[in-house]
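Structure data (CSV, C-alpha atoms) from my_file_11.csv:
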```csv
chain,number,residue,atom,x,y,z
R,1,MET,CA,25.0,-67.0,13.7
R,2,ALA,CA,23.3,-64.8,11.1
R,3,ARG,CA,20.1,-63.2,12.3
R,4,LYS,CA,17.1,-64.1,10.3
R,5,PRO,CA,15.2,-61.1,8.9
R,6,SER,CA,11.7,-60.9,10.3
R,7,ILE,CA,10.2,-60.1,6.8
R,8,THR,CA,11.8,-61.2,3.6
R,9,ILE,CA,11.7,-59.2,0.4
R,10,GLU,CA,9.3,-61.6,-1.2
R,11,GLU,CA,6.9,-61.2,1.8
R,12,THR,CA,7.2,-57.4,1.6
R,13,GLN,CA,6.2,-57.4,-2.0
R,14,LYS,CA,3.1,-59.4,-1.1
R,15,ILE,CA,1.9,-56.9,1.6
R,16,PRO,CA,-1.1,-55.1,0.1
R,17,ILE,CA,-0.7,-51.3,0.2
R,18,ASN,CA,-3.6,-49.6,1.8
R,19,LEU,CA,-4.8,-46.9,-0.7
R,20,GLY,CA,-7.7,-45.8,1.4
R,21,PRO,CA,-5.8,-42.8,2.9
R,22,PHE,CA,-4.6,-41.7,-0.5
R,23,SER,CA,-8.1,-41.7,-1.9
R,24,ASP,CA,-9.4,-39.8,1.1
R,25,VAL,CA,-6.7,-37.1,0.7
R,26,THR,CA,-7.4,-36.9,-3.0
R,27,THR,CA,-11.1,-36.7,-2.5
R,28,SER,CA,-10.7,-34.0,0.2
R,29,LEU,CA,-8.4,-32.0,-2.1
R,30,VAL,CA,-10.9,-32.2,-5.0
R,31,ILE,CA,-13.8,-31.1,-2.7
R,32,MET,CA,-11.7,-28.2,-1.3
R,33,PHE,CA,-10.7,-27.1,-4.7
R,34,MET,CA,-14.3,-27.2,-6.0
R,35,LEU,CA,-15.6,-25.2,-3.0
R,36,SER,CA,-12.8,-22.6,-3.3
R,37,ILE,CA,-13.2,-22.0,-7.0
R,38,PRO,CA,-15.5,-19.0,-6.6
R,39,PHE,CA,-13.0,-17.4,-4.3
R,40,LEU,CA,-10.0,-18.1,-6.5
R,41,VAL,CA,-11.4,-17.3,-9.9
R,42,GLU,CA,-11.6,-13.7,-10.9
R,43,SER,CA,-14.9,-12.2,-11.8
R,44,GLY,CA,-15.9,-8.8,-12.9
R,45,ILE,CA,-17.9,-5.6,-12.4
R,46,PHE,CA,-19.2,-3.9,-15.5
R,47,ILE,CA,-18.4,-0.2,-15.7
R,48,THR,CA,-19.7,2.5,-18.0
R,49,ARG,CA,-17.1,4.4,-19.8
R,50,SER,CA,-15.2,7.3,-18.3
R,51,LEU,CA,-15.5,10.5,-20.2
R,52,ALA,CA,-12.3,10.8,-22.2
R,53,ALA,CA,-14.2,12.6,-24.9
R,54,LYS,CA,-17.4,14.4,-23.9
R,55,THR,CA,-19.5,16.5,-26.1
R,56,PRO,CA,-21.8,19.5,-25.3
R,57,GLN,CA,-24.8,17.3,-26.3
R,58,MET,CA,-23.8,14.7,-23.7
R,59,MET,CA,-23.6,17.4,-21.1
R,60,GLN,CA,-27.1,18.5,-22.0
R,61,GLN,CA,-28.4,14.9,-21.8
R,62,ALA,CA,-26.8,14.5,-18.4
R,63,LYS,CA,-28.5,17.6,-17.0
R,64,LYS,CA,-31.8,16.3,-18.1
R,65,SER,CA,-31.2,12.8,-16.7
R,66,ASP,CA,-32.6,11.5,-13.5
R,67,ILE,CA,-29.4,10.6,-11.8
R,68,LYS,CA,-29.9,11.1,-8.0
R,69,VAL,CA,-26.7,9.6,-6.7
R,70,ASN,CA,-23.5,11.4,-7.3
R,71,ILE,CA,-20.6,10.2,-5.1
R,72,TYR,CA,-17.2,11.9,-5.1
R,73,LEU,CA,-14.3,10.4,-3.3
R,74,ARG,CA,-11.7,13.0,-2.5
R,75,SER,CA,-8.0,12.2,-2.0
R,76,ASP,CA,-8.2,13.4,1.6
R,77,GLY,CA,-10.7,10.7,2.5
R,78,THR,CA,-13.8,12.9,2.4
R,79,VAL,CA,-16.8,11.4,0.7
R,80,MET,CA,-19.3,13.8,-1.0
R,81,LEU,CA,-22.8,12.7,-1.9
R,82,ASN,CA,-24.5,15.1,-4.2
R,83,LYS,CA,-21.9,17.8,-3.4
R,84,GLU,CA,-22.5,17.4,0.3
R,85,PRO,CA,-20.0,15.8,2.7
R,86,VAL,CA,-21.4,12.6,4.1
R,87,ASP,CA,-20.4,9.9,6.6
R,88,PRO,CA,-19.5,6.8,4.5
R,89,GLU,CA,-21.4,4.6,7.1
R,90,GLN,CA,-24.6,6.4,6.3
R,91,LEU,CA,-24.4,5.6,2.5
R,92,PRO,CA,-25.9,2.1,2.6
R,93,ASP,CA,-29.1,3.8,4.1
R,94,LEU,CA,-29.1,6.8,1.9
R,95,ILE,CA,-28.4,5.2,-1.5
R,96,PRO,CA,-31.5,3.0,-1.7
R,97,ARG,CA,-33.7,6.0,-0.8
R,98,LEU,CA,-32.2,8.2,-3.4
R,99,LEU,CA,-32.2,5.5,-6.1
R,100,ALA,CA,-35.9,4.9,-5.3
R,101,ARG,CA,-36.6,8.4,-6.8
R,102,SER,CA,-34.8,7.5,-10.0
R,103,ILE,CA,-36.2,5.7,-13.0
R,104,GLU,CA,-32.9,4.4,-14.5
R,105,LYS,CA,-31.3,3.9,-11.1
R,106,LYS,CA,-27.9,5.0,-12.4
R,107,ALA,CA,-25.3,6.4,-10.1
R,108,ILE,CA,-22.2,8.6,-10.8
R,109,LEU,CA,-18.9,7.8,-9.1
R,110,THR,CA,-16.0,10.2,-9.2
R,111,ALA,CA,-12.7,9.8,-7.5
R,112,ASP,CA,-9.5,11.8,-7.3
R,113,ALA,CA,-6.6,10.1,-9.1
R,114,GLU,CA,-4.8,9.6,-5.8
R,115,VAL,CA,-7.6,7.5,-4.2
R,116,ILE,CA,-6.6,3.9,-3.7
R,117,TYR,CA,-8.2,1.5,-6.2
R,118,GLU,CA,-9.5,-0.9,-3.6
R,119,SER,CA,-11.7,1.8,-2.0
R,120,VAL,CA,-13.1,2.8,-5.3
R,121,ILE,CA,-14.1,-0.8,-5.9
R,122,ASP,CA,-15.7,-0.9,-2.5
R,123,TYR,CA,-17.9,2.0,-3.4
R,124,ILE,CA,-18.8,0.6,-6.8
R,125,ASP,CA,-19.7,-2.7,-5.0
R,126,MET,CA,-21.7,-0.8,-2.4
R,127,LEU,CA,-23.6,1.1,-5.1
R,128,LYS,CA,-24.4,-2.1,-7.0
R,129,ALA,CA,-25.4,-3.9,-3.9
R,130,ASN,CA,-27.8,-1.2,-2.9
R,131,GLY,CA,-29.6,-1.2,-6.2
R,132,ALA,CA,-27.7,0.9,-8.7
R,133,SER,CA,-28.3,-0.5,-12.2
R,134,ASP,CA,-25.3,1.1,-13.6
R,135,VAL,CA,-22.4,3.0,-12.1
R,136,LEU,CA,-21.0,5.7,-14.3
R,137,ILE,CA,-17.3,6.2,-13.8
R,138,MET,CA,-16.4,9.9,-14.1
R,139,LYS,CA,-13.1,11.5,-14.7
R,140,ARG,CA,-12.1,14.7,-13.0
R,141,LYS,CA,-9.7,17.3,-14.3
R,142,ALA,CA,-6.9,17.6,-11.8
R,143,ALA,CA,-6.9,21.4,-11.8
R,144,THR,CA,-10.6,21.6,-11.0
R,145,SER,CA,-11.0,18.9,-8.4
R,146,THR,CA,-13.3,21.1,-6.3
R,147,GLU,CA,-15.8,21.5,-9.1
R,148,ALA,CA,-18.6,19.3,-10.1
R,149,PRO,CA,-17.6,16.1,-12.0
R,150,GLU,CA,-17.9,15.8,-15.7
R,151,ALA,CA,-21.3,14.9,-17.0
R,152,PRO,CA,-22.2,11.3,-17.8
R,153,GLU,CA,-22.4,10.1,-21.3
G,1,MET,CA,-11.7,-82.5,-10.0
G,2,ALA,CA,-12.4,-79.1,-8.6
G,3,LYS,CA,-9.7,-79.6,-6.1
G,4,ASN,CA,-7.1,-79.8,-8.9
G,5,GLU,CA,-8.0,-76.5,-10.4
G,6,PRO,CA,-5.4,-73.8,-9.8
G,7,LYS,CA,-6.4,-71.3,-7.2
G,8,MET,CA,-7.1,-67.9,-8.9
G,9,GLU,CA,-5.8,-64.9,-6.9
G,10,PRO,CA,-6.7,-61.3,-7.7
G,11,PRO,CA,-3.8,-59.5,-9.5
G,12,ASP,CA,-1.8,-57.4,-7.2
G,13,MET,CA,-2.4,-53.8,-8.5
G,14,SER,CA,-0.8,-52.0,-5.6
G,15,GLY,CA,2.5,-51.7,-7.5
G,16,ILE,CA,0.6,-49.7,-10.2
G,17,LEU,CA,-1.9,-47.8,-8.1
G,18,PHE,CA,0.6,-46.5,-5.6
G,19,PRO,CA,2.5,-44.3,-8.0
G,20,LEU,CA,-0.7,-43.5,-9.8
G,21,ALA,CA,-2.2,-42.1,-6.6
G,22,GLY,CA,0.9,-40.0,-6.0
G,23,VAL,CA,0.8,-38.6,-9.5
G,24,MET,CA,-2.9,-37.8,-9.2
G,25,ILE,CA,-2.2,-35.8,-6.0
G,26,MET,CA,0.7,-34.0,-7.6
G,27,VAL,CA,-1.4,-33.1,-10.7
G,28,LEU,CA,-4.2,-31.9,-8.4
G,29,ALA,CA,-1.8,-29.8,-6.4
G,30,VAL,CA,-0.4,-28.2,-9.5
G,31,VAL,CA,-3.9,-27.4,-10.9
G,32,ILE,CA,-4.9,-25.9,-7.5
G,33,GLY,CA,-1.7,-23.8,-7.4
G,34,ASN,CA,-2.2,-22.5,-11.0
G,35,ALA,CA,-6.0,-22.2,-11.0
G,36,GLN,CA,-5.9,-18.4,-11.2
G,37,ALA,CA,-3.5,-18.3,-14.1
G,38,LEU,CA,-5.5,-20.9,-15.9
G,39,PHE,CA,-8.7,-18.9,-15.7
G,40,THR,CA,-7.4,-15.4,-16.3
G,41,ASN,CA,-5.3,-15.9,-19.5
G,42,THR,CA,-2.3,-14.2,-18.0
G,43,SER,CA,0.4,-15.0,-15.5
G,44,VAL,CA,0.7,-11.6,-14.0
G,45,GLN,CA,0.2,-12.1,-10.3
G,46,LEU,CA,-1.8,-9.4,-8.6
G,47,GLU,CA,-3.8,-8.8,-5.4
G,48,ILE,CA,-7.2,-8.3,-6.9
G,49,PRO,CA,-9.7,-6.3,-4.8
G,50,LYS,CA,-12.7,-8.2,-3.4
G,51,ALA,CA,-16.4,-7.4,-4.0
G,52,ASN,CA,-19.8,-8.9,-3.1
G,53,VAL,CA,-21.5,-8.1,-6.4
G,54,ILE,CA,-20.3,-10.2,-9.3
G,55,GLU,CA,-21.7,-9.4,-12.7
G,56,ALA,CA,-19.4,-11.1,-15.3
G,57,ASP,CA,-17.7,-14.4,-15.7
G,58,LEU,CA,-14.5,-13.8,-17.4
G,59,GLU,CA,-14.3,-15.9,-20.5
G,60,GLN,CA,-12.6,-15.2,-23.8
G,61,MET,CA,-11.5,-11.8,-22.6
G,62,ILE,CA,-8.5,-9.5,-23.2
G,63,PRO,CA,-6.7,-9.1,-19.9
G,64,ILE,CA,-5.0,-5.8,-19.0
G,65,SER,CA,-3.0,-5.9,-15.8
G,66,ILE,CA,-1.7,-3.1,-13.6
G,67,ASP,CA,0.8,-4.2,-11.0
G,68,LYS,CA,1.4,-2.5,-7.7
G,69,ASN,CA,4.2,-0.4,-9.2
G,70,GLY,CA,1.8,1.0,-11.8
G,71,ALA,CA,3.3,-1.0,-14.7
G,72,TYR,CA,0.8,-1.9,-17.4
G,73,PHE,CA,0.7,-5.4,-18.9
G,74,TYR,CA,-1.2,-6.4,-22.1
G,75,LYS,CA,-1.8,-10.1,-21.5
G,76,ASP,CA,1.8,-11.0,-20.4
G,77,GLU,CA,3.6,-8.3,-22.2
G,78,LYS,CA,4.8,-5.3,-20.2
G,79,LEU,CA,4.1,-2.0,-21.8
G,80,ASN,CA,6.3,1.1,-21.7
G,81,ASP,CA,3.3,3.5,-22.0
G,82,VAL,CA,-0.4,3.1,-21.3
G,83,LYS,CA,-1.0,4.6,-24.8
G,84,ASP,CA,0.4,1.4,-26.3
G,85,LEU,CA,-2.8,-0.4,-25.1
G,86,THR,CA,-5.1,1.3,-27.6
G,87,PRO,CA,-3.6,-0.2,-30.9
G,88,LYS,CA,-3.2,-3.6,-29.3
G,89,VAL,CA,-6.7,-3.8,-28.0
G,90,ALA,CA,-8.1,-2.4,-31.3
G,91,ALA,CA,-6.2,-5.1,-33.3
G,92,ASP,CA,-7.5,-7.8,-31.0
G,93,GLN,CA,-11.1,-6.5,-31.3
G,94,LYS,CA,-10.8,-6.5,-35.1
G,95,LYS,CA,-9.4,-10.1,-35.1
G,96,TYR,CA,-12.3,-11.1,-32.8
G,97,ALA,CA,-14.9,-9.8,-35.3
G,98,GLU,CA,-13.1,-11.4,-38.2
G,99,GLU,CA,-13.0,-14.8,-36.5
G,100,ALA,CA,-16.7,-14.5,-35.7
G,101,GLY,CA,-17.5,-13.5,-39.3
G,102,ASP,CA,-19.5,-10.5,-38.2
G,103,PRO,CA,-17.9,-7.0,-38.5
G,104,GLU,CA,-20.6,-5.6,-36.2
G,105,LEU,CA,-19.0,-7.6,-33.3
G,106,GLU,CA,-15.9,-5.4,-33.4
G,107,GLY,CA,-15.5,-3.9,-29.9
G,108,PHE,CA,-17.7,-6.5,-28.2
G,109,GLN,CA,-15.0,-8.7,-26.9
G,110,MET,CA,-14.8,-8.3,-23.1
G,111,VAL,CA,-11.8,-6.3,-21.8
G,112,VAL,CA,-10.8,-7.0,-18.2
G,113,ILE,CA,-8.8,-4.5,-16.3
G,114,ARG,CA,-7.0,-6.3,-13.5
G,115,GLY,CA,-5.6,-3.8,-11.1
G,116,ASP,CA,-3.6,-4.5,-7.9
G,117,LYS,CA,-5.7,-3.3,-5.0
G,118,SER,CA,-3.0,-0.9,-3.8
G,119,ILE,CA,-2.6,1.1,-6.9
G,120,GLN,CA,-4.0,4.6,-7.4
G,121,TRP,CA,-7.4,5.1,-9.2
G,122,GLY,CA,-5.7,7.4,-11.7
G,123,SER,CA,-3.8,4.4,-13.2
G,124,VAL,CA,-7.0,2.5,-13.7
G,125,LEU,CA,-8.7,5.5,-15.3
G,126,GLU,CA,-5.9,5.9,-17.8
G,127,ALA,CA,-6.3,2.2,-18.7
G,128,ILE,CA,-10.0,2.6,-19.1
G,129,ASP,CA,-9.5,5.7,-21.3
G,130,ALA,CA,-7.0,3.8,-23.5
G,131,VAL,CA,-9.3,0.9,-23.9
G,132,LYS,CA,-12.3,3.1,-24.7
G,133,ARG,CA,-10.2,4.8,-27.4
G,134,ALA,CA,-10.0,1.4,-29.0
G,135,LYS,CA,-13.9,1.5,-29.1
G,136,CYS,CA,-14.4,-1.3,-26.6
G,137,LYS,CA,-18.0,-1.6,-25.5
G,138,ARG,CA,-17.6,-4.2,-22.7
G,139,VAL,CA,-15.1,-3.2,-20.0
G,140,VAL,CA,-15.0,-5.0,-16.7
G,141,LEU,CA,-13.0,-4.4,-13.6
G,142,ALA,CA,-11.7,-7.6,-12.2
G,143,VAL,CA,-12.7,-8.5,-8.7
G,144,ILE,CA,-12.7,-11.7,-6.5
G,145,LYS,CA,-15.8,-12.6,-4.7
G,146,LYS,CA,-15.8,-11.7,-1.0
G,147,ARG,CA,-16.1,-14.6,1.5
G,148,GLY,CA,-19.2,-14.6,3.6
```

Represent the supplied structure as structure tokens.
Amino acid sequence: MARKPSITIEETQKIPINLGPFSDVTTSLVIMFMLSIPFLVESGIFITRSLAAKTPQMMQQAKKSDIKVNIYLRSDGTVMLNKEPVDPEQLPDLIPRLLARSIEKKAILTADAEVIYESVIDYIDMLKANGASDVLIMKRKAATSTEAPEAPE
Amino acid sequence: MAKNEPKMEPPDMSGILFPLAGVMIMVLAVVIGNAQALFTNTSVQLEIPKANVIEADLEQMIPISIDKNGAYFYKDEKLNDVKDLTPKVAADQKKYAEEAGDPELEGFQMVVIRGDKSIQWGSVLEAIDAVKRAKCKRVVLAVIKKRG
């Protein structure tokens, strides 16, 4: 005797499919996507030009400027603030005090070519977060790495 | 009389909605997966450094990428030398000014330098120099907003 199937094909086709979970999952994905957009999408930090071509006039202007913060990141990990070695953890306290004495609130950042890019970004970010209006990216000559950085433009 | 009227049943839409919901989820998953490439105008995948301070939304920009091996990319094109950047960027800036109908806008299209966080700073400086030689006035280092 043939066994009678519990649900026929016709009956299966009439069973309504519950779309509630689907819409829940889709809605959750949309919300998660919208919330994560700021952390997915790239943004940017403006930089002022490095000195590929400096002129004596620019050097003179720099000497007369009121730049009070001059950070130099050395390849050995030493951080120099205004030509003095400094503990990086003290910088968030020192930078706002130095910038307060400046009108333009510009800061110079120099780094050896061997320094990891991420750490340079961290310092640019720290300077901007502590009130620097503009961070001037300086270029050092490899042979004169112990000398003062080139002047800003 | 009303008893003789045929009983109206709502049409069974589940046969259409079921695949539609599946397709919707697939499309959403693809969009989420490719969100970064959609917004950066380039498909070069990098680990971009994170920062708290965000100054520029990157729209209508010229992307320059530096991967973890130090290779330079102009949009999706791999370059043999960083010096090749200058003429390409200059040509794009000229095109941008021509399209805007204002020659004074030459150099004002934003150039974004996307560097992998593990590269050396010297590679980024070379790219900045090459871009500046093309007389670009708006240069941005790409970062992703830090969480928290």

Using only C-alpha atoms and a distance of at most 8 Å, pull out the residues of chain R that contact chain G, as an mmCIF file with C-alpha atoms, in the coordinates of the input.
```
data_model
loop_
_atom_site.group_PDB
_atom_site.id
_atom_site.type_symbol
_atom_site.label_atom_id
_atom_site.label_comp_id
_atom_site.auth_asym_id
_atom_site.auth_seq_id
_atom_site.Cartn_x
_atom_site.Cartn_y
_atom_site.Cartn_z
ATOM 1 C CA PRO R 16 -1.100 -55.100 0.100
ATOM 2 C CA ILE R 17 -0.700 -51.300 0.200
ATOM 3 C CA LEU R 19 -4.800 -46.900 -0.700
ATOM 4 C CA PHE R 22 -4.600 -41.700 -0.500
ATOM 5 C CA SER R 23 -8.100 -41.700 -1.900
ATOM 6 C CA THR R 26 -7.400 -36.900 -3.000
ATOM 7 C CA LEU R 29 -8.400 -32.000 -2.100
ATOM 8 C CA VAL R 30 -10.900 -32.200 -5.000
ATOM 9 C CA PHE R 33 -10.700 -27.100 -4.700
ATOM 10 C CA PRO R 38 -15.500 -19.000 -6.600
ATOM 11 C CA PHE R 39 -13.000 -17.400 -4.300
ATOM 12 C CA LEU R 40 -10.000 -18.100 -6.500
ATOM 13 C CA VAL R 41 -11.400 -17.300 -9.900
ATOM 14 C CA GLU R 42 -11.600 -13.700 -10.900
ATOM 15 C CA SER R 43 -14.900 -12.200 -11.800
ATOM 16 C CA GLY R 44 -15.900 -8.800 -12.900
ATOM 17 C CA ILE R 45 -17.900 -5.600 -12.400
ATOM 18 C CA PHE R 46 -19.200 -3.900 -15.500
ATOM 19 C CA ILE R 47 -18.400 -0.200 -15.700
ATOM 20 C CA THR R 48 -19.700 2.500 -18.000
ATOM 21 C CA ARG R 49 -17.100 4.400 -19.800
ATOM 22 C CA SER R 50 -15.200 7.300 -18.300
ATOM 23 C CA LEU R 51 -15.500 10.500 -20.200
ATOM 24 C CA ALA R 52 -12.300 10.800 -22.200
ATOM 25 C CA ALA R 111 -12.700 9.800 -7.500
ATOM 26 C CA ASP R 112 -9.500 11.800 -7.300
ATOM 27 C CA ALA R 113 -6.600 10.100 -9.100
ATOM 28 C CA GLU R 114 -4.800 9.600 -5.800
ATOM 29 C CA VAL R 115 -7.600 7.500 -4.200
ATOM 30 C CA ILE R 116 -6.600 3.900 -3.700
ATOM 31 C CA TYR R 117 -8.200 1.500 -6.200
ATOM 32 C CA GLU R 118 -9.500 -0.900 -3.600
ATOM 33 C CA VAL R 120 -13.100 2.800 -5.300
ATOM 34 C CA ILE R 121 -14.100 -0.800 -5.900
ATOM 35 C CA ASP R 122 -15.700 -0.900 -2.500
ATOM 36 C CA ASP R 125 -19.700 -2.700 -5.000
ATOM 37 C CA LYS R 128 -24.400 -2.100 -7.000
ATOM 38 C CA ALA R 129 -25.400 -3.900 -3.900
ATOM 39 C CA LYS R 139 -13.100 11.500 -14.700
#
```

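One finds CA of Asp92 (chain G) at 8.0 Å from CA of Ile62 (chain G).
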
(message) Report, in Å with one decimal, the straight-line distance from CA of Ala107 (chain R) to CA of Val69 (chain R).
(response) 4.9 Å

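Closest to Ser75 (chain R) among R:Ser119, R:Ile137, R:Ala132, R:Pro88 is R:Ser119, based on all atoms listed in the file.
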
(message) I need the residue nearest Asp81 (chain G) from this list: G:Leu105, G:Val23, G:Leu46, G:Ala127. Use only C-alpha atoms for the distance.
(response) G:Ala127

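Coordinates place CA of Leu109 (chain R) at a distance of 16.1 Å from CA of Asp76 (chain R).
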
(request) Counting all atoms listed in the file, figure out which residue out of G:Gln109, G:Gly101, G:Pro19, G:Lys83 gets nearest to Gln60 (chain G). (result) G:Gln109

(message) Residues within 9 Å of Gly131 (chain R), please, as a count of residues only. Count all atoms listed in the file; anything in the same chain fewer than 5 positions from it doesn't count.
(response) 7

(request) Find, counting all atoms listed in the file, the residue in G:Ile16, G:Ala91, G:Ala97, G:Val44 that gets nearest to Tyr72 (chain G). (result) G:Val44

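If you measure from each of R:Pro85, R:Ile31, R:Lys68, R:Leu136 to Arg97 (chain R) using only C-alpha atoms, the closest one turns out to be R:Lys68.
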